[in-house]
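upload.csv follows; it contains CSV, C-alpha atoms.
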chain,number,residue,atom,x,y,z
P,1,MET,CA,-47.1,-7.1,-1.8
P,2,GLY,CA,-44.3,-9.3,-0.4
P,3,VAL,CA,-44.0,-13.0,-0.1
P,4,THR,CA,-41.8,-14.7,2.5
P,5,SER,CA,-39.3,-16.9,0.8
P,6,LEU,CA,-39.6,-20.6,1.5
P,7,PRO,CA,-36.6,-22.7,2.4
P,8,TYR,CA,-34.4,-24.1,-0.3
P,9,VAL,CA,-35.3,-27.6,-1.5
P,10,CYS,CA,-33.5,-30.1,-3.6
P,11,PRO,CA,-34.9,-30.6,-7.1
P,12,GLY,CA,-37.8,-33.1,-7.0
P,13,GLU,CA,-38.1,-33.0,-3.2
P,14,ARG,CA,-41.4,-32.0,-1.6
P,15,VAL,CA,-41.4,-28.5,-0.2
P,16,PRO,CA,-41.1,-28.8,3.6
P,17,ARG,CA,-43.2,-26.6,5.8
P,18,PHE,CA,-40.3,-26.0,8.2
P,19,PRO,CA,-36.7,-25.1,7.5
P,20,ARG,CA,-34.3,-27.9,6.9
P,21,THR,CA,-30.6,-27.9,7.5
P,22,ALA,CA,-29.7,-30.8,5.1
P,23,ARG,CA,-28.5,-29.9,1.7
P,24,CYS,CA,-28.4,-32.1,-1.4
P,25,GLU,CA,-25.3,-32.6,-3.4
P,26,HIS,CA,-25.1,-31.5,-7.0
P,27,ARG,CA,-22.6,-32.2,-9.7
P,28,ARG,CA,-22.0,-30.5,-13.0
P,29,PRO,CA,-22.8,-32.2,-16.3
P,30,GLY,CA,-20.1,-34.6,-17.3
P,31,GLN,CA,-18.9,-35.1,-13.7
P,32,SER,CA,-19.1,-38.4,-11.9
P,33,ALA,CA,-20.8,-38.8,-8.6
P,34,GLU,CA,-17.4,-39.1,-7.1
P,35,VAL,CA,-16.6,-35.5,-7.8
P,36,THR,CA,-18.4,-34.0,-4.9
P,37,GLU,CA,-17.6,-31.1,-2.6
P,38,GLU,CA,-16.2,-33.4,0.1
P,39,GLY,CA,-14.2,-35.4,-2.3
P,40,SER,CA,-12.8,-32.3,-3.9
P,41,ASP,CA,-11.8,-31.0,-0.5
P,42,ARG,CA,-10.0,-34.2,0.4
P,43,ARG,CA,-8.0,-34.1,-2.8
P,44,THR,CA,-7.2,-30.4,-2.3
P,45,ARG,CA,-6.1,-31.2,1.3
P,46,VAL,CA,-3.7,-33.8,0.0
P,47,THR,CA,-2.3,-31.4,-2.6
P,48,VAL,CA,-1.8,-28.7,0.1
P,49,LEU,CA,-0.1,-31.2,2.5
P,50,VAL,CA,2.2,-32.3,-0.3
P,51,ALA,CA,3.1,-28.7,-1.0
P,52,LEU,CA,3.6,-28.0,2.8
P,53,ALA,CA,6.0,-31.0,3.2
P,54,ALA,CA,8.0,-29.9,0.2
P,55,ASN,CA,8.2,-26.3,1.3
P,56,LEU,CA,9.3,-27.1,4.9
P,57,VAL,CA,12.1,-29.3,3.7
P,58,ILE,CA,13.2,-26.9,1.0
P,59,ALA,CA,13.0,-23.9,3.3
P,60,VAL,CA,15.4,-25.5,5.8
P,61,ALA,CA,17.8,-26.5,3.0
P,62,LYS,CA,17.7,-23.1,1.4
P,63,ALA,CA,18.3,-21.2,4.7
P,64,VAL,CA,21.2,-23.4,5.7
P,65,GLY,CA,22.7,-23.2,2.2
P,66,GLY,CA,22.1,-19.5,1.9
P,67,LEU,CA,23.8,-18.8,5.3
P,68,LEU,CA,26.8,-21.0,4.5
P,69,ALA,CA,27.2,-19.6,1.0
P,70,GLY,CA,26.2,-16.0,1.9
P,71,SER,CA,23.9,-16.0,-1.2
P,72,PRO,CA,21.2,-13.3,-1.3
P,73,ALA,CA,19.3,-15.1,-4.0
P,74,LEU,CA,19.3,-18.3,-2.0
P,75,LEU,CA,18.2,-16.5,1.2
P,76,SER,CA,15.4,-14.9,-0.8
P,77,GLU,CA,14.2,-18.3,-2.0
P,78,ALA,CA,14.4,-19.5,1.7
P,79,ALA,CA,12.0,-16.6,2.7
P,80,HIS,CA,9.8,-17.6,-0.3
P,81,SER,CA,9.6,-21.2,1.0
P,82,VAL,CA,8.9,-20.1,4.5
P,83,ALA,CA,6.0,-17.8,3.3
P,84,ASP,CA,4.6,-20.7,1.2
P,85,SER,CA,4.8,-23.0,4.2
P,86,LEU,CA,2.8,-20.6,6.4
P,87,ASN,CA,0.3,-20.1,3.6
P,88,GLU,CA,-0.3,-23.8,3.3
P,89,VAL,CA,-1.2,-23.8,7.0
P,90,PHE,CA,-3.7,-21.0,6.2
P,91,LEU,CA,-5.2,-23.0,3.4
P,92,LEU,CA,-5.6,-26.1,5.6
P,93,ALA,CA,-7.5,-24.0,8.1
P,94,ALA,CA,-9.7,-22.7,5.2
P,95,LEU,CA,-10.5,-26.2,4.0
P,96,ARG,CA,-11.5,-27.3,7.5
P,97,ARG,CA,-13.5,-24.2,8.6
P,98,SER,CA,-15.3,-23.3,5.4
P,99,ARG,CA,-17.4,-26.5,5.3
P,100,ARG,CA,-19.0,-25.9,8.7
P,101,PRO,CA,-22.8,-26.0,8.5
P,102,ALA,CA,-24.8,-22.8,8.8
P,103,ASP,CA,-25.9,-21.8,12.3
P,104,ARG,CA,-27.9,-19.1,14.0
P,105,ARG,CA,-25.0,-16.7,14.1
P,106,HIS,CA,-24.0,-17.3,10.4
P,107,PRO,CA,-27.2,-18.3,8.7
P,108,PHE,CA,-25.6,-18.4,5.2
P,109,GLY,CA,-22.8,-20.7,6.3
P,110,TYR,CA,-19.0,-20.3,6.5
P,111,GLY,CA,-18.2,-20.6,2.9
P,112,LYS,CA,-16.4,-17.2,2.8
P,113,GLU,CA,-13.8,-18.4,5.3
P,114,ARG,CA,-12.1,-20.0,2.3
P,115,PHE,CA,-11.6,-16.5,0.8
P,116,PHE,CA,-10.5,-14.9,4.1
P,117,TRP,CA,-7.7,-17.4,4.6
P,118,SER,CA,-6.7,-17.1,1.0
P,119,LEU,CA,-6.4,-13.3,1.6
P,120,LEU,CA,-4.1,-14.0,4.6
P,121,ALA,CA,-2.0,-16.3,2.4
P,122,ALA,CA,-1.7,-13.4,-0.2
P,123,VAL,CA,-0.5,-11.1,2.6
P,124,GLY,CA,2.0,-13.7,3.7
P,125,ILE,CA,3.4,-14.0,0.2
P,126,PHE,CA,3.7,-10.2,-0.1
P,127,VAL,CA,5.3,-9.5,3.3
P,128,MET,CA,7.4,-12.6,4.0
P,129,GLY,CA,8.3,-13.4,0.4
P,130,GLY,CA,8.3,-10.2,-1.7
P,131,CYS,CA,9.5,-7.7,0.8
P,132,PHE,CA,12.3,-9.9,2.2
P,133,SER,CA,13.5,-10.6,-1.4
P,134,PHE,CA,13.6,-6.9,-2.1
P,135,PHE,CA,15.6,-6.4,1.1
P,136,GLN,CA,18.1,-9.1,0.1
P,137,GLY,CA,18.5,-7.6,-3.3
P,138,PHE,CA,19.1,-4.1,-2.2
P,139,GLU,CA,21.4,-5.3,0.6
P,140,ALA,CA,23.6,-7.2,-1.9
P,141,LEU,CA,23.8,-4.2,-4.2
P,142,ALA,CA,24.8,-1.9,-1.3
P,143,ASN,CA,27.3,-4.1,0.6
P,144,GLY,CA,28.2,-6.8,-2.0
P,145,ALA,CA,28.5,-10.5,-1.3
P,146,GLU,CA,31.6,-12.7,-1.5
P,147,GLU,CA,31.2,-16.5,-2.1
P,148,GLU,CA,33.6,-19.3,-2.4
P,149,LEU,CA,33.4,-22.0,-5.1
P,150,SER,CA,32.2,-24.5,-2.5
P,151,GLY,CA,29.4,-22.1,-1.6
P,152,TYR,CA,28.3,-21.8,-5.2
P,153,VAL,CA,28.3,-25.5,-5.7
P,154,ALA,CA,26.3,-26.1,-2.4
P,155,GLY,CA,23.8,-23.4,-3.4
P,156,LEU,CA,23.3,-24.8,-6.9
P,157,ILE,CA,22.8,-28.3,-5.5
P,158,VAL,CA,20.2,-27.1,-3.0
P,159,LEU,CA,18.4,-25.1,-5.7
P,160,GLY,CA,18.5,-28.1,-8.0
P,161,ILE,CA,16.8,-30.3,-5.3
P,162,ALA,CA,14.3,-27.5,-4.6
P,163,LEU,CA,13.5,-27.3,-8.3
P,164,LEU,CA,12.7,-31.0,-8.4
P,165,ALA,CA,10.6,-30.9,-5.3
P,166,GLU,CA,8.7,-27.8,-6.3
P,167,GLY,CA,8.1,-29.2,-9.8
P,168,ALA,CA,6.7,-32.4,-8.3
P,169,SER,CA,4.3,-30.4,-6.1
P,170,LEU,CA,3.3,-28.2,-9.1
P,171,LEU,CA,2.5,-31.3,-11.2
P,172,ARG,CA,0.4,-32.7,-8.4
P,173,ALA,CA,-1.6,-29.5,-8.2
P,174,LEU,CA,-2.0,-29.3,-12.0
P,175,TYR,CA,-3.2,-32.9,-12.0
P,176,GLN,CA,-5.9,-32.1,-9.6
P,177,VAL,CA,-6.9,-29.0,-11.6
P,178,ARG,CA,-7.3,-31.2,-14.6
P,179,ARG,CA,-9.4,-33.7,-12.7
P,180,GLN,CA,-11.7,-31.0,-11.5
P,181,GLY,CA,-12.4,-29.6,-15.0
P,182,GLY,CA,-9.4,-27.5,-15.9
P,183,ARG,CA,-10.2,-23.8,-15.4
P,184,ALA,CA,-13.3,-24.6,-13.4
P,185,GLY,CA,-11.0,-26.3,-10.8
P,186,LEU,CA,-9.2,-23.0,-10.3
P,187,ARG,CA,-12.4,-21.5,-8.8
P,188,ASP,CA,-11.2,-23.1,-5.5
P,189,PRO,CA,-9.1,-20.4,-3.9
P,190,ALA,CA,-7.1,-23.0,-2.0
P,191,LEU,CA,-6.1,-24.9,-5.1
P,192,ARG,CA,-5.6,-21.7,-7.0
P,193,THR,CA,-3.2,-20.5,-4.3
P,194,VAL,CA,-1.2,-23.7,-4.3
P,195,VAL,CA,-0.9,-23.6,-8.1
P,196,ALA,CA,0.2,-20.0,-8.0
P,197,GLU,CA,2.7,-20.7,-5.2
P,198,ASP,CA,4.3,-23.7,-6.8
P,199,GLY,CA,4.4,-22.1,-10.3
P,200,THR,CA,6.1,-19.0,-8.7
P,201,ALA,CA,8.4,-21.2,-6.8
P,202,VAL,CA,9.6,-23.1,-9.9
P,203,LEU,CA,10.2,-19.8,-11.7
P,204,GLY,CA,11.8,-18.2,-8.6
P,205,VAL,CA,14.2,-21.2,-8.2
P,206,THR,CA,15.2,-20.9,-11.8
P,207,LEU,CA,15.9,-17.2,-11.4
P,208,ALA,CA,18.0,-17.9,-8.3
P,209,MET,CA,20.0,-20.5,-10.2
P,210,VAL,CA,20.6,-18.2,-13.1
P,211,GLY,CA,21.7,-15.4,-10.8
P,212,MET,CA,24.0,-17.5,-8.8
P,213,ALA,CA,25.6,-19.1,-11.9
P,214,LEU,CA,26.2,-15.7,-13.4
P,215,HIS,CA,27.7,-14.4,-10.2
P,216,MET,CA,30.0,-17.4,-10.1
P,217,VAL,CA,31.1,-16.8,-13.7
P,218,THR,CA,31.5,-13.0,-13.7
P,219,GLY,CA,32.2,-12.4,-10.1
P,220,GLN,CA,29.6,-9.6,-10.2
P,221,VAL,CA,27.1,-9.7,-7.3
P,222,VAL,CA,24.7,-7.6,-9.3
P,223,TRP,CA,23.5,-10.8,-11.0
P,224,GLU,CA,22.4,-12.4,-7.8
P,225,ALA,CA,21.0,-9.1,-6.5
P,226,ALA,CA,19.0,-8.7,-9.7
P,227,ALA,CA,17.7,-12.3,-9.2
P,228,SER,CA,16.5,-11.4,-5.7
P,229,LEU,CA,14.8,-8.3,-7.0
P,230,ALA,CA,13.1,-10.2,-9.8
P,231,ILE,CA,11.9,-12.9,-7.3
P,232,GLY,CA,10.5,-10.1,-5.1
P,233,GLY,CA,8.7,-8.5,-8.0
P,234,LEU,CA,7.3,-11.9,-9.0
P,235,LEU,CA,6.0,-12.6,-5.5
P,236,VAL,CA,4.4,-9.1,-5.1
P,237,TYR,CA,2.6,-9.6,-8.4
P,238,VAL,CA,1.3,-13.0,-7.4
P,239,ALA,CA,0.2,-11.7,-4.0
P,240,TYR,CA,-1.6,-8.8,-5.6
P,241,ARG,CA,-3.6,-11.2,-8.0
P,242,LEU,CA,-4.5,-13.6,-5.2
P,243,GLY,CA,-5.4,-10.8,-2.8
P,244,ARG,CA,-7.6,-9.1,-5.4
P,245,ASP,CA,-9.5,-12.3,-6.1
P,246,ALA,CA,-10.1,-12.9,-2.4
P,247,ARG,CA,-11.2,-9.3,-1.9
P,248,ASP,CA,-13.8,-9.6,-4.6
P,249,GLN,CA,-15.2,-12.7,-3.0
P,250,LEU,CA,-15.2,-11.3,0.5
P,251,ILE,CA,-17.1,-8.1,-0.4
P,252,GLY,CA,-19.8,-10.1,-2.2
P,253,GLU,CA,-19.1,-11.0,-5.8
P,254,ALA,CA,-22.0,-11.9,-8.0
P,255,ALA,CA,-22.5,-15.3,-9.5
P,256,ASP,CA,-21.0,-15.8,-12.9
P,257,PRO,CA,-22.9,-14.0,-15.7
P,258,GLU,CA,-23.9,-17.2,-17.4
P,259,ALA,CA,-25.7,-18.5,-14.3
P,260,SER,CA,-27.4,-15.1,-13.8
P,261,GLY,CA,-28.5,-15.1,-17.4
P,262,ARG,CA,-30.1,-18.5,-17.0
P,263,ILE,CA,-31.9,-17.4,-13.9
P,264,ARG,CA,-33.2,-14.2,-15.6
P,265,SER,CA,-34.3,-16.1,-18.7
P,266,LEU,CA,-36.1,-18.7,-16.5
P,267,LEU,CA,-38.0,-16.0,-14.6
P,268,ARG,CA,-39.0,-14.2,-17.8
P,269,ALA,CA,-40.3,-17.4,-19.2
P,270,GLN,CA,-42.8,-18.0,-16.4
P,271,PRO,CA,-46.4,-17.1,-17.5
P,272,GLU,CA,-47.3,-15.7,-14.1
P,273,ILE,CA,-44.4,-13.2,-14.1
P,274,ASP,CA,-45.2,-9.9,-15.8
P,275,SER,CA,-41.7,-8.5,-15.5
P,276,VAL,CA,-38.4,-9.1,-13.6
P,277,GLU,CA,-37.7,-5.8,-11.8
P,278,ALA,CA,-34.3,-6.8,-10.3
P,279,LEU,CA,-32.1,-9.9,-9.9
P,280,PHE,CA,-29.3,-10.1,-7.3
P,281,THR,CA,-26.8,-12.9,-6.9
P,282,MET,CA,-23.9,-13.3,-4.5
P,283,LYS,CA,-21.4,-16.1,-4.0
P,284,THR,CA,-21.6,-17.3,-0.4
P,285,GLY,CA,-19.0,-20.1,-0.8
P,286,LEU,CA,-17.0,-22.1,-3.3
P,287,ASP,CA,-20.1,-23.9,-4.7
P,288,THR,CA,-23.0,-21.9,-3.2
P,289,ALA,CA,-24.7,-18.7,-4.1
P,290,LEU,CA,-27.6,-16.6,-2.9
P,291,VAL,CA,-30.3,-15.6,-5.4
P,292,ALA,CA,-32.8,-12.8,-4.7
P,293,ALA,CA,-35.3,-11.6,-7.3
P,294,ARG,CA,-37.9,-8.9,-7.3
P,295,VAL,CA,-40.7,-9.8,-9.8
P,296,ASP,CA,-44.0,-8.2,-10.8
P,297,LEU,CA,-46.8,-10.9,-11.2
P,298,VAL,CA,-49.7,-10.7,-13.6
P,299,PRO,CA,-52.9,-9.3,-12.1
P,300,GLY,CA,-55.6,-11.6,-10.6
P,301,LEU,CA,-53.5,-14.1,-8.6
P,302,ASP,CA,-54.7,-14.8,-5.1
P,303,SER,CA,-52.3,-15.4,-2.2
P,304,GLU,CA,-52.5,-19.2,-2.4
P,305,ARG,CA,-51.8,-19.2,-6.1
P,306,VAL,CA,-48.8,-16.8,-5.5
P,307,GLU,CA,-47.4,-19.2,-3.0
P,308,GLU,CA,-47.7,-22.1,-5.4
P,309,VAL,CA,-46.0,-20.1,-8.1
P,310,ALA,CA,-43.2,-19.0,-5.8
P,311,VAL,CA,-42.5,-22.6,-4.8
P,312,ARG,CA,-42.5,-23.8,-8.4
P,313,ILE,CA,-40.2,-21.0,-9.6
P,314,LYS,CA,-37.7,-21.7,-6.8
P,315,ARG,CA,-37.7,-25.4,-7.6
P,316,SER,CA,-36.9,-24.5,-11.2
P,317,ILE,CA,-34.1,-22.1,-10.3
P,318,ALA,CA,-32.6,-24.8,-8.0
P,319,HIS,CA,-32.7,-27.3,-10.8
P,320,THR,CA,-31.3,-24.9,-13.4
P,321,VAL,CA,-28.5,-23.5,-11.1
P,322,PRO,CA,-27.5,-26.1,-8.6
P,323,GLU,CA,-25.2,-23.7,-6.7
P,324,ALA,CA,-28.2,-21.5,-5.7
P,325,ASP,CA,-28.8,-22.9,-2.2
P,326,GLN,CA,-30.5,-19.8,-0.9
P,327,ILE,CA,-33.4,-18.5,-3.1
P,328,PHE,CA,-35.6,-15.5,-2.2
P,329,LEU,CA,-38.5,-14.0,-4.2
P,330,ASP,CA,-40.0,-10.6,-3.6
P,331,VAL,CA,-43.3,-10.0,-5.3
P,332,THR,CA,-44.0,-6.3,-6.0
P,333,ASP,CA,-47.1,-4.7,-7.6
P,334,ARG,CA,-45.3,-1.7,-9.1
P,335,PRO,CA,-42.0,-1.3,-11.0
P,336,ALA,CA,-39.0,-0.7,-8.7
P,337,ARG,CA,-37.3,1.6,-11.2
P,338,GLU,CA,-34.5,2.8,-9.1
P,339,THR,CA,-33.6,-0.8,-8.0
P,340,ALA,CA,-33.9,-2.1,-11.6
P,341,GLU,CA,-31.5,0.5,-12.9
P,342,SER,CA,-28.9,0.0,-10.2
P,343,PRO,CA,-25.5,-1.7,-11.2
P,344,ALA,CA,-26.2,-4.6,-8.9
P,345,ALA,CA,-29.5,-5.4,-10.7
P,346,THR,CA,-28.3,-4.8,-14.2
P,347,GLY,CA,-25.0,-6.6,-13.9
P,348,GLU,CA,-22.8,-3.5,-14.5
P,349,ARG,CA,-19.6,-3.1,-12.6
P,350,GLY,CA,-19.5,-0.2,-10.1
P,351,GLY,CA,-16.7,1.4,-8.3
P,352,ALA,CA,-13.0,1.7,-9.1
Go ahead and render the structure in this file as structure tokens.
Amino acid sequence: MGVTSLPYVCPGERVPRFPRTARCEHRRPGQSAEVTEEGSDRRTRVTVLVALAANLVIAVAKAVGGLLAGSPALLSEAAHSVADSLNEVFLLAALRRSRRPADRRHPFGYGKERFFWSLLAAVGIFVMGGCFSFFQGFEALANGAEEELSGYVAGLIVLGIALLAEGASLLRALYQVRRQGGRAGLRDPALRTVVAEDGTAVLGVTLAMVGMALHMVTGQVVWEAAASLAIGGLLVYVAYRLGRDARDQLIGEAADPEASGRIRSLLRAQPEIDSVEALFTMKTGLDTALVAARVDLVPGLDSERVEEVAVRIKRSIAHTVPEADQIFLDVTDRPARETAESPAATGERGGA
């Protein structure tokens, strides 16, 4: 026996007979009303714009300084800043497009756009940053690089200014992360990407300065080449981590285990539910998730009573897990053993 799921309702709101497009805003315990999705996006947009402005200025300075000085490490850092600038454009697109309301073509909304553009940003870091840095390092090892004292001085000045600018951008991003609850703030892929980019930039600039200084002191280009290779390896690692996180979200990652556990406990506590055969969750956006449960009800409930129970249970889930904005219940009269034992239903991880 199946029951068609009713539309999502805000806690305490009367269940409408027809679908509604409006959504209520929720906040986590301890957060003020100011910390909403829209407010968070505005602050993230400011953070991304600060990073974009810093990277554009720094990219030009590094490129000019690297060409004048013939420094592979400085040119690698220029490529790094160009990649970061392009990625900030991707993140701005993600912030704007991911908050579009659901429509007939995308009934679950556009929340996953955030993860798509973050994946493109990871690809940009890998190709434009990591690969170019490796190229510069191997090129310097193969052909050498001669620099004059004035070139060293100009390069170190440019890198010093870049270090200050990147450090300021990183502090801005970390300040926002702290305002949004520390590690919880890093759930936002746009903010997480900015923090990763700025942190990597600060470390990359430091490596470039060390490599250039050692090249100047010893006259051995291997130091700058090693710095370029280290920057490339760092960027490839960061791109891999960001890309892996975006991939997990795009292919349909489950809600966090704590939220799933609360939902399962709530369902099992209902007197009308005999057993919970399967529970499925999937993140559909930064602060939204789909919840689908297959339950076996106790015998003797008529159709009207089943509808009342379903409405009450979905209200309870919405109140317990605010990010659950799409809730579906499937009532079955026999155990769905195969489904209940599947990795998706039990929470086990499948695949490689």
CA of Asp256 (chain P) and CA of Phe115 (chain P), how far apart in Å? 16.6 Å
Pick out the residues sitting within 6 Å of Gly137 (chain P), and hand them over as a PyMOL selection string; count all atoms listed in the file, and ignore anything fewer than 4 positions along from it in its own chain. chain P and resi 225+228-229
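The closest residue to Val158 (chain P), picked from P:His106, P:Lys62, P:Arg268, P:Arg262 and counting all atoms listed in the file, is P:Lys62.
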Can you tell me, as number ranges by chain, what residues are no more than 7 Å from Ser275 (chain P) when counting only C-alpha atoms, ignoring any on the same chain fewer than 2 positions away? P: 268, 273, 277, 295-296
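The spacing separating CA of Ala53 (chain P) from CA of Arg244 (chain P) amounts to 27.2 Å.
Take the candidates P:Val331, P:Pro189, P:Gly111, P:Ser133 and check each one against Arg99 (chain P) using only C-alpha atoms; the shortest distance goes to P:Gly111.
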With all heavy atoms as the goal, would you fill in the gaps in region 174-183 of chain P and present it as a PDB file, in the frame of the given file?
ATOM      1  N   LEU P 174      -1.466 -29.379 -10.638  1.00  0.00           N
ATOM      2  CA  LEU P 174      -2.000 -29.300 -12.000  1.00  0.00           C
ATOM      3  C   LEU P 174      -2.844 -30.524 -12.329  1.00  0.00           C
ATOM      4  O   LEU P 174      -3.850 -30.438 -13.037  1.00  0.00           O
ATOM      5  CB  LEU P 174      -0.894 -29.102 -13.005  1.00  0.00           C
ATOM      6  CG  LEU P 174      -0.157 -27.756 -12.942  1.00  0.00           C
ATOM      7  CD1 LEU P 174       0.993 -27.740 -13.939  1.00  0.00           C
ATOM      8  CD2 LEU P 174      -1.119 -26.597 -13.214  1.00  0.00           C
ATOM      9  N   TYR P 175      -2.420 -31.681 -11.827  1.00  0.00           N
ATOM     10  CA  TYR P 175      -3.200 -32.900 -12.000  1.00  0.00           C
ATOM     11  C   TYR P 175      -4.562 -32.802 -11.408  1.00  0.00           C
ATOM     12  O   TYR P 175      -5.569 -33.195 -12.006  1.00  0.00           O
ATOM     13  CB  TYR P 175      -2.423 -34.096 -11.442  1.00  0.00           C
ATOM     14  CG  TYR P 175      -3.216 -35.384 -11.416  1.00  0.00           C
ATOM     15  CD1 TYR P 175      -3.472 -36.094 -12.584  1.00  0.00           C
ATOM     16  CD2 TYR P 175      -3.713 -35.886 -10.210  1.00  0.00           C
ATOM     17  CE1 TYR P 175      -4.203 -37.269 -12.559  1.00  0.00           C
ATOM     18  CE2 TYR P 175      -4.453 -37.064 -10.178  1.00  0.00           C
ATOM     19  CZ  TYR P 175      -4.692 -37.753 -11.352  1.00  0.00           C
ATOM     20  OH  TYR P 175      -5.413 -38.916 -11.321  1.00  0.00           O
ATOM     21  N   GLN P 176      -4.629 -32.227 -10.209  1.00  0.00           N
ATOM     22  CA  GLN P 176      -5.900 -32.100  -9.600  1.00  0.00           C
ATOM     23  C   GLN P 176      -6.785 -31.058 -10.315  1.00  0.00           C
ATOM     24  O   GLN P 176      -7.986 -31.243 -10.459  1.00  0.00           O
ATOM     25  CB  GLN P 176      -5.781 -31.644  -8.106  1.00  0.00           C
ATOM     26  CG  GLN P 176      -7.145 -31.569  -7.405  1.00  0.00           C
ATOM     27  CD  GLN P 176      -7.066 -31.108  -5.985  1.00  0.00           C
ATOM     28  OE1 GLN P 176      -6.012 -31.182  -5.370  1.00  0.00           O
ATOM     29  NE2 GLN P 176      -8.178 -30.641  -5.458  1.00  0.00           N
ATOM     30  N   VAL P 177      -6.159 -29.978 -10.788  1.00  0.00           N
ATOM     31  CA  VAL P 177      -6.900 -29.000 -11.600  1.00  0.00           C
ATOM     32  C   VAL P 177      -7.536 -29.650 -12.782  1.00  0.00           C
ATOM     33  O   VAL P 177      -8.709 -29.422 -13.110  1.00  0.00           O
ATOM     34  CB  VAL P 177      -5.984 -27.828 -11.994  1.00  0.00           C
ATOM     35  CG1 VAL P 177      -6.690 -26.942 -13.016  1.00  0.00           C
ATOM     36  CG2 VAL P 177      -5.572 -27.000 -10.789  1.00  0.00           C
ATOM     37  N   ARG P 178      -6.774 -30.510 -13.458  1.00  0.00           N
ATOM     38  CA  ARG P 178      -7.300 -31.200 -14.600  1.00  0.00           C
ATOM     39  C   ARG P 178      -8.448 -32.135 -14.263  1.00  0.00           C
ATOM     40  O   ARG P 178      -9.456 -32.217 -14.965  1.00  0.00           O
ATOM     41  CB  ARG P 178      -6.186 -31.980 -15.326  1.00  0.00           C
ATOM     42  CG  ARG P 178      -6.595 -32.594 -16.664  1.00  0.00           C
ATOM     43  CD  ARG P 178      -5.400 -33.208 -17.368  1.00  0.00           C
ATOM     44  NE  ARG P 178      -4.900 -34.349 -16.633  1.00  0.00           N
ATOM     45  CZ  ARG P 178      -5.403 -35.588 -16.741  1.00  0.00           C
ATOM     46  NH1 ARG P 178      -6.420 -35.825 -17.551  1.00  0.00           N
ATOM     47  NH2 ARG P 178      -4.884 -36.579 -16.059  1.00  0.00           N
ATOM     48  N   ARG P 179      -8.334 -32.826 -13.136  1.00  0.00           N
ATOM     49  CA  ARG P 179      -9.400 -33.700 -12.700  1.00  0.00           C
ATOM     50  C   ARG P 179     -10.678 -32.991 -12.353  1.00  0.00           C
ATOM     51  O   ARG P 179     -11.772 -33.536 -12.464  1.00  0.00           O
ATOM     52  CB  ARG P 179      -8.945 -34.523 -11.462  1.00  0.00           C
ATOM     53  CG  ARG P 179      -7.984 -35.650 -11.755  1.00  0.00           C
ATOM     54  CD  ARG P 179      -7.894 -36.596 -10.576  1.00  0.00           C
ATOM     55  NE  ARG P 179      -9.175 -37.266 -10.343  1.00  0.00           N
ATOM     56  CZ  ARG P 179      -9.401 -38.092  -9.318  1.00  0.00           C
ATOM     57  NH1 ARG P 179      -8.424 -38.329  -8.432  1.00  0.00           N
ATOM     58  NH2 ARG P 179     -10.564 -38.679  -9.154  1.00  0.00           N
ATOM     59  N   GLN P 180     -10.541 -31.743 -11.920  1.00  0.00           N
ATOM     60  CA  GLN P 180     -11.700 -31.000 -11.500  1.00  0.00           C
ATOM     61  C   GLN P 180     -12.217 -30.045 -12.623  1.00  0.00           C
ATOM     62  O   GLN P 180     -12.932 -29.079 -12.363  1.00  0.00           O
ATOM     63  CB  GLN P 180     -11.402 -30.156 -10.252  1.00  0.00           C
ATOM     64  CG  GLN P 180     -11.173 -31.036  -9.044  1.00  0.00           C
ATOM     65  CD  GLN P 180     -10.928 -30.253  -7.765  1.00  0.00           C
ATOM     66  OE1 GLN P 180     -10.358 -30.775  -6.830  1.00  0.00           O
ATOM     67  NE2 GLN P 180     -11.360 -29.000  -7.716  1.00  0.00           N
ATOM     68  N   GLY P 181     -11.829 -30.352 -13.855  1.00  0.00           N
ATOM     69  CA  GLY P 181     -12.400 -29.600 -15.000  1.00  0.00           C
ATOM     70  C   GLY P 181     -11.602 -28.505 -15.540  1.00  0.00           C
ATOM     71  O   GLY P 181     -12.155 -27.588 -16.153  1.00  0.00           O
ATOM     72  N   GLY P 182     -10.295 -28.521 -15.341  1.00  0.00           N
ATOM     73  CA  GLY P 182      -9.400 -27.500 -15.900  1.00  0.00           C
ATOM     74  C   GLY P 182      -9.641 -26.143 -15.231  1.00  0.00           C
ATOM     75  O   GLY P 182      -9.500 -26.017 -14.015  1.00  0.00           O
ATOM     76  N   ARG P 183      -9.999 -25.118 -16.001  1.00  0.00           N
ATOM     77  CA  ARG P 183     -10.200 -23.800 -15.400  1.00  0.00           C
ATOM     78  C   ARG P 183     -11.217 -23.735 -14.354  1.00  0.00           C
ATOM     79  O   ARG P 183     -11.123 -22.945 -13.413  1.00  0.00           O
ATOM     80  CB  ARG P 183     -10.518 -22.779 -16.554  1.00  0.00           C
ATOM     81  CG  ARG P 183      -9.396 -22.514 -17.536  1.00  0.00           C
ATOM     82  CD  ARG P 183      -9.822 -21.483 -18.555  1.00  0.00           C
ATOM     83  NE  ARG P 183     -10.127 -20.210 -17.933  1.00  0.00           N
ATOM     84  CZ  ARG P 183      -9.233 -19.260 -17.680  1.00  0.00           C
ATOM     85  NH1 ARG P 183      -7.964 -19.464 -17.995  1.00  0.00           N
ATOM     86  NH2 ARG P 183      -9.604 -18.120 -17.122  1.00  0.00           N
TER      87      ARG P 183
END
